Amino acid sequence: MKKIIPLVILLMGFGSIIFFSSCNKTGTVQAPGSVTKQSFGTLPGAPEVNLYTLVNHSGITLKVTNYGCRITSLLLPDKNGKCADVVLGFDSLAGYLSNNPYFGAVVGRYGNRIAKGKFEIDGNQYTLAQNNGVNHLHGGLKGFDKVVWTAEDFTTANSVGLKLHYLSKDGEEGYPGNLNIEVTYTLTDDNQLIIAYKATSDKATPINLTQHSYFNLAGAGDIKAHELMIASSKYTVVDSTLIPTGELRDVKGTPYDFTTVKAIGKDLIATGGIPIGYDHNFMLNTKGLSDLAVRVVEPVSGRTMEVYTDQPGVQFYTSNFLDGTITGKYGRVYTQYSALCLETQHFPDSPNHPAFPTAILKPGETYLTTTIFKFSAK
Ligand code: GLA
């Protein structure tokens, strides 16, 4: 008995090293249940830019930088324990500085579009940058994806995490109010990535924070064979500039019906649009965090991602705007449909649509929202 116990412990330790190593492309061995920090470059006048590596006890490695609160890498085992990096991104800060598709970022102050960059609160008119044709997109010229957050890592008995903070000053990018924001990434040992957002403001302001990771659960190729379910029976119809017309249309009989599982490529062309593909907000049928909002399965690797959220909608985007001009990690050229985004959120342009759920945060209130990405492989 005495001899067996140390042997079992040794084997368990050895097993976890093998499993862990199989999901570590960097060659550096980091203990499960730990967070490490390394420099990711410098930006004039800004706090230090670092890259944090979070490793849980179940074979997942997540990398996050405090530049734009961005997830730069997510290493996930497949059904046979084989590892792949399932998010698009760059190896260096320079990549993020010179390219602008919001890879892995938290976008805001208002994620998605505000028509012509204009809105009104309590009779006051506000004008924001028109940085997407005539519209305002993802917080403007220097949104939260392009600022340096302060960050503090933590570990608990069954999770590893990073808490990030940013103060967006009154008038920044044209938005009203000093907005104090905290975003917490928690990677649990049961393979949930919990993203908790908290904010307060001293003036009424629109707020719509979301996570803009581009996922490809195969780690290569395109996402047309990924199988998708979205618990949504209506989507917001948009005009040619992707601003909602106000109509909530039934998905039944349209390419937007993912109420039963369907390969993303099946009706992709039928979506039309320029460029062709999904870039739509789906109104969720779910009633909160405990209801499954979205499930994506990559059939070959078996990697599965489930999304749970308390937000009213999700923007499903098939990276239609990637056109082969960006080369990312591992020398991979990013083209249309290389990845998919599931941006849990309030409906686009809601400040100009009184019928949509309100995204206005008032002084004295606290903005609190959570989205969970849950990973498995079968
Ligand atoms: C969101 C938008 C898209 C596009 C991407 C970033 O998903 O809805 O239209 O702007 O962000 O390129």
# chains A, B, ... in the order shown; residues from 1 in each chain; ligands from 1
>>> closest_atom_pairs(of="chain A", to="ligand 1", cutoff="10 Å", atoms="only C-alpha atoms and all ligand atoms", output="JSON lines")
{"residue": "A:Asn100", "atom": "CA", "partner": "ligand 1", "partner_atom_place_in_ligand_line": "12 (O)", "distance": 7.5}
{"residue": "A:Pro101", "atom": "CA", "partner": "ligand 1", "partner_atom_place_in_ligand_line": "12 (O)", "distance": 4.5}
{"residue": "A:Tyr102", "atom": "CA", "partner": "ligand 1", "partner_atom_place_in_ligand_line": "6 (C)", "distance": 6.0}
{"residue": "A:Phe103", "atom": "CA", "partner": "ligand 1", "partner_atom_place_in_ligand_line": "6 (C)", "distance": 8.2}
{"residue": "A:Val107", "atom": "CA", "partner": "ligand 1", "partner_atom_place_in_ligand_line": "11 (O)", "distance": 9.1}
{"residue": "A:Gly111", "atom": "CA", "partner": "ligand 1", "partner_atom_place_in_ligand_line": "1 (C)", "distance": 8.1}
{"residue": "A:Asn112", "atom": "CA", "partner": "ligand 1", "partner_atom_place_in_ligand_line": "8 (O)", "distance": 5.7}
{"residue": "A:Arg113", "atom": "CA", "partner": "ligand 1", "partner_atom_place_in_ligand_line": "8 (O)", "distance": 7.4}
{"residue": "A:Asn132", "atom": "CA", "partner": "ligand 1", "partner_atom_place_in_ligand_line": "10 (O)", "distance": 7.6}
{"residue": "A:Leu137", "atom": "CA", "partner": "ligand 1", "partner_atom_place_in_ligand_line": "10 (O)", "distance": 6.9}
{"residue": "A:His138", "atom": "CA", "partner": "ligand 1", "partner_atom_place_in_ligand_line": "11 (O)", "distance": 7.4}
{"residue": "A:His212", "atom": "CA", "partner": "ligand 1", "partner_atom_place_in_ligand_line": "11 (O)", "distance": 7.3}
{"residue": "A:Ser213", "atom": "CA", "partner": "ligand 1", "partner_atom_place_in_ligand_line": "7 (O)", "distance": 9.7}
{"residue": "A:Tyr214", "atom": "CA", "partner": "ligand 1", "partner_atom_place_in_ligand_line": "7 (O)", "distance": 9.4}
{"residue": "A:Thr241", "atom": "CA", "partner": "ligand 1", "partner_atom_place_in_ligand_line": "9 (O)", "distance": 9.1}
{"residue": "A:Leu242", "atom": "CA", "partner": "ligand 1", "partner_atom_place_in_ligand_line": "9 (O)", "distance": 7.2}
{"residue": "A:Ile243", "atom": "CA", "partner": "ligand 1", "partner_atom_place_in_ligand_line": "8 (O)", "distance": 9.6}
{"residue": "A:Pro275", "atom": "CA", "partner": "ligand 1", "partner_atom_place_in_ligand_line": "9 (O)", "distance": 9.7}
{"residue": "A:Tyr278", "atom": "CA", "partner": "ligand 1", "partner_atom_place_in_ligand_line": "8 (O)", "distance": 9.0}
{"residue": "A:Asp279", "atom": "CA", "partner": "ligand 1", "partner_atom_place_in_ligand_line": "8 (O)", "distance": 5.3}
{"residue": "A:His280", "atom": "CA", "partner": "ligand 1", "partner_atom_place_in_ligand_line": "8 (O)", "distance": 6.8}
{"residue": "A:Asn281", "atom": "CA", "partner": "ligand 1", "partner_atom_place_in_ligand_line": "8 (O)", "distance": 8.2}
{"residue": "A:Val314", "atom": "CA", "partner": "ligand 1", "partner_atom_place_in_ligand_line": "7 (O)", "distance": 9.9}
{"residue": "A:Gln315", "atom": "CA", "partner": "ligand 1", "partner_atom_place_in_ligand_line": "7 (O)", "distance": 6.4}
{"residue": "A:Phe316", "atom": "CA", "partner": "ligand 1", "partner_atom_place_in_ligand_line": "7 (O)", "distance": 7.0}
{"residue": "A:Tyr317", "atom": "CA", "partner": "ligand 1", "partner_atom_place_in_ligand_line": "7 (O)", "distance": 5.0}
{"residue": "A:Thr318", "atom": "CA", "partner": "ligand 1", "partner_atom_place_in_ligand_line": "7 (O)", "distance": 8.0}
{"residue": "A:Ser319", "atom": "CA", "partner": "ligand 1", "partner_atom_place_in_ligand_line": "12 (O)", "distance": 6.9}
{"residue": "A:Asn320", "atom": "CA", "partner": "ligand 1", "partner_atom_place_in_ligand_line": "4 (C)", "distance": 7.9}
{"residue": "A:Phe321", "atom": "CA", "partner": "ligand 1", "partner_atom_place_in_ligand_line": "12 (O)", "distance": 6.0}
{"residue": "A:Leu322", "atom": "CA", "partner": "ligand 1", "partner_atom_place_in_ligand_line": "12 (O)", "distance": 7.6}
{"residue": "A:Leu340", "atom": "CA", "partner": "ligand 1", "partner_atom_place_in_ligand_line": "7 (O)", "distance": 8.9}
{"residue": "A:Cys341", "atom": "CA", "partner": "ligand 1", "partner_atom_place_in_ligand_line": "7 (O)", "distance": 6.6}
{"residue": "A:Leu342", "atom": "CA", "partner": "ligand 1", "partner_atom_place_in_ligand_line": "7 (O)", "distance": 8.1}
{"residue": "A:Glu343", "atom": "CA", "partner": "ligand 1", "partner_atom_place_in_ligand_line": "7 (O)", "distance": 7.2}
{"residue": "A:Pro348", "atom": "CA", "partner": "ligand 1", "partner_atom_place_in_ligand_line": "8 (O)", "distance": 8.6}
>>> residues_around(residues="stretch 151-161 of chain A", least_positions_apart="4", cutoff="6 Å", atoms="only C-alpha atoms", output="PyMOL selection string")
chain A and resi 185-189
>>> residues_around(residues="A:Ser338", least_positions_apart="4", cutoff="10 Å", atoms="only C-alpha atoms", output="ChimeraX atom specification")
/A:87-88,214-216,219-224,318-320,322-324,332-334
>>> residues_around(residues="A:Lys63", least_positions_apart="6", cutoff="10 Å", atoms="only C-alpha atoms", output="PDB file with N, CA and C atoms, in the first residue's frame")
ATOM      1  N   VAL A  35      -1.003  31.676 -12.997  1.00  0.00           N
ATOM      2  CA  VAL A  35      -1.024  32.798 -13.953  1.00  0.00           C
ATOM      3  C   VAL A  35       0.393  33.366 -13.995  1.00  0.00           C
ATOM      4  N   THR A  36       0.908  33.603 -15.181  1.00  0.00           N
ATOM      5  CA  THR A  36       2.204  34.285 -15.275  1.00  0.00           C
ATOM      6  C   THR A  36       2.029  35.538 -16.115  1.00  0.00           C
ATOM      7  N   LYS A  37       2.979  36.444 -15.961  1.00  0.00           N
ATOM      8  CA  LYS A  37       2.890  37.745 -16.630  1.00  0.00           C
ATOM      9  C   LYS A  37       4.213  38.020 -17.325  1.00  0.00           C
ATOM     10  N   LEU A  51       1.383  40.523 -21.126  1.00  0.00           N
ATOM     11  CA  LEU A  51       0.645  39.364 -21.609  1.00  0.00           C
ATOM     12  C   LEU A  51       0.558  38.386 -20.448  1.00  0.00           C
ATOM     13  N   TYR A  52      -0.659  38.020 -20.106  1.00  0.00           N
ATOM     14  CA  TYR A  52      -0.896  37.123 -18.974  1.00  0.00           C
ATOM     15  C   TYR A  52      -1.251  35.751 -19.515  1.00  0.00           C
ATOM     16  N   THR A  53      -0.641  34.732 -18.958  1.00  0.00           N
ATOM     17  CA  THR A  53      -0.947  33.358 -19.364  1.00  0.00           C
ATOM     18  C   THR A  53      -1.642  32.659 -18.207  1.00  0.00           C
ATOM     19  N   LEU A  54      -2.853  32.221 -18.473  1.00  0.00           N
ATOM     20  CA  LEU A  54      -3.674  31.580 -17.441  1.00  0.00           C
ATOM     21  C   LEU A  54      -3.829  30.113 -17.807  1.00  0.00           C
ATOM     22  N   VAL A  55      -3.442  29.239 -16.895  1.00  0.00           N
ATOM     23  CA  VAL A  55      -3.547  27.795 -17.170  1.00  0.00           C
ATOM     24  C   VAL A  55      -4.435  27.161 -16.098  1.00  0.00           C
ATOM     25  N   ARG A  70      -7.615  42.212 -24.459  1.00  0.00           N
ATOM     26  CA  ARG A  70      -7.755  41.235 -25.544  1.00  0.00           C
ATOM     27  C   ARG A  70      -7.327  39.820 -25.192  1.00  0.00           C
ATOM     28  N   ILE A  71      -8.129  38.882 -25.631  1.00  0.00           N
ATOM     29  CA  ILE A  71      -7.743  37.472 -25.592  1.00  0.00           C
ATOM     30  C   ILE A  71      -6.889  37.252 -26.832  1.00  0.00           C
ATOM     31  N   THR A  72      -5.629  36.854 -26.626  1.00  0.00           N
ATOM     32  CA  THR A  72      -4.744  36.692 -27.787  1.00  0.00           C
ATOM     33  C   THR A  72      -4.606  35.236 -28.207  1.00  0.00           C
ATOM     34  N   SER A  73      -4.923  34.329 -27.285  1.00  0.00           N
ATOM     35  CA  SER A  73      -4.740  32.913 -27.593  1.00  0.00           C
ATOM     36  C   SER A  73      -5.586  32.066 -26.641  1.00  0.00           C
ATOM     37  N   LEU A  74      -6.146  31.002 -27.184  1.00  0.00           N
ATOM     38  CA  LEU A  74      -6.928  30.076 -26.345  1.00  0.00           C
ATOM     39  C   LEU A  74      -6.615  28.676 -26.845  1.00  0.00           C
ATOM     40  N   LEU A  75      -5.846  27.948 -26.054  1.00  0.00           N
ATOM     41  CA  LEU A  75      -5.421  26.607 -26.451  1.00  0.00           C
ATOM     42  C   LEU A  75      -6.353  25.583 -25.833  1.00  0.00           C
TER      43      LEU A  75
END
>>> select_by_dssp(residues="stretch 234-326 of chain A", states="strand (DSSP E)", output="PyMOL selection string")
chain A and resi 234-238+244-250+262-263+279-283+294-297+303-309+313-317+326
>>> closest_residue(among="A:Leu289, A:Val49, A:Leu368, A:Ala377", to="A:Tyr197", atoms="only C-alpha atoms")
A:Leu368
>>> decode(residues="stretch 149-164 of chain A", atoms="N, CA, C and O atoms", output="CSV table (one decimal), in the first residue's frame")
chain,number,residue,atom,x,y,z
A,149,TRP,N,-5.5,48.9,-20.2
A,149,TRP,CA,-6.3,48.7,-19.0
A,149,TRP,C,-5.2,48.4,-17.9
A,149,TRP,O,-4.1,47.9,-18.2
A,150,THR,N,-5.6,48.7,-16.6
A,150,THR,CA,-4.7,48.1,-15.6
A,150,THR,C,-5.2,46.7,-15.3
A,150,THR,O,-6.4,46.4,-15.4
A,151,ALA,N,-4.3,45.9,-14.8
A,151,ALA,CA,-4.7,44.5,-14.6
A,151,ALA,C,-4.1,43.9,-13.4
A,151,ALA,O,-3.0,44.2,-13.0
A,152,GLU,N,-4.9,43.0,-12.8
A,152,GLU,CA,-4.4,42.2,-11.6
A,152,GLU,C,-4.8,40.8,-11.8
A,152,GLU,O,-6.0,40.5,-12.0
A,153,ASP,N,-3.9,39.9,-11.7
A,153,ASP,CA,-4.3,38.5,-11.8
A,153,ASP,C,-4.6,37.8,-10.5
A,153,ASP,O,-4.3,38.4,-9.4
A,154,PHE,N,-5.3,36.7,-10.5
A,154,PHE,CA,-5.7,36.0,-9.3
A,154,PHE,C,-5.8,34.6,-9.6
A,154,PHE,O,-6.0,34.1,-10.7
A,155,THR,N,-5.7,33.8,-8.5
A,155,THR,CA,-6.0,32.4,-8.6
A,155,THR,C,-6.9,32.0,-7.4
A,155,THR,O,-6.8,32.6,-6.3
A,156,THR,N,-7.8,31.0,-7.6
A,156,THR,CA,-8.6,30.5,-6.5
A,156,THR,C,-8.4,29.0,-6.5
A,156,THR,O,-7.6,28.5,-7.4
A,157,ALA,N,-9.0,28.3,-5.6
A,157,ALA,CA,-8.8,26.8,-5.6
A,157,ALA,C,-9.2,26.1,-6.9
A,157,ALA,O,-8.6,25.1,-7.3
A,158,ASN,N,-10.2,26.7,-7.6
A,158,ASN,CA,-10.6,26.0,-8.8
A,158,ASN,C,-10.7,27.0,-10.0
A,158,ASN,O,-11.4,26.7,-11.0
A,159,SER,N,-9.9,28.1,-10.0
A,159,SER,CA,-9.9,29.0,-11.2
A,159,SER,C,-8.7,29.8,-11.2
A,159,SER,O,-8.0,29.9,-10.2
A,160,VAL,N,-8.5,30.4,-12.4
A,160,VAL,CA,-7.4,31.4,-12.6
A,160,VAL,C,-8.1,32.6,-13.3
A,160,VAL,O,-9.1,32.4,-14.0
A,161,GLY,N,-7.6,33.8,-13.0
A,161,GLY,CA,-8.3,34.9,-13.6
A,161,GLY,C,-7.5,36.2,-13.7
A,161,GLY,O,-6.3,36.3,-13.2
A,162,LEU,N,-8.1,37.2,-14.3
A,162,LEU,CA,-7.5,38.5,-14.5
A,162,LEU,C,-8.6,39.5,-14.4
A,162,LEU,O,-9.7,39.4,-15.1
A,163,LYS,N,-8.4,40.5,-13.5
A,163,LYS,CA,-9.4,41.6,-13.4
A,163,LYS,C,-8.8,42.9,-14.0
A,163,LYS,O,-7.6,43.2,-13.7
A,164,LEU,N,-9.5,43.5,-14.9
A,164,LEU,CA,-9.0,44.6,-15.6
A,164,LEU,C,-9.9,45.9,-15.4
A,164,LEU,O,-11.1,45.7,-15.2
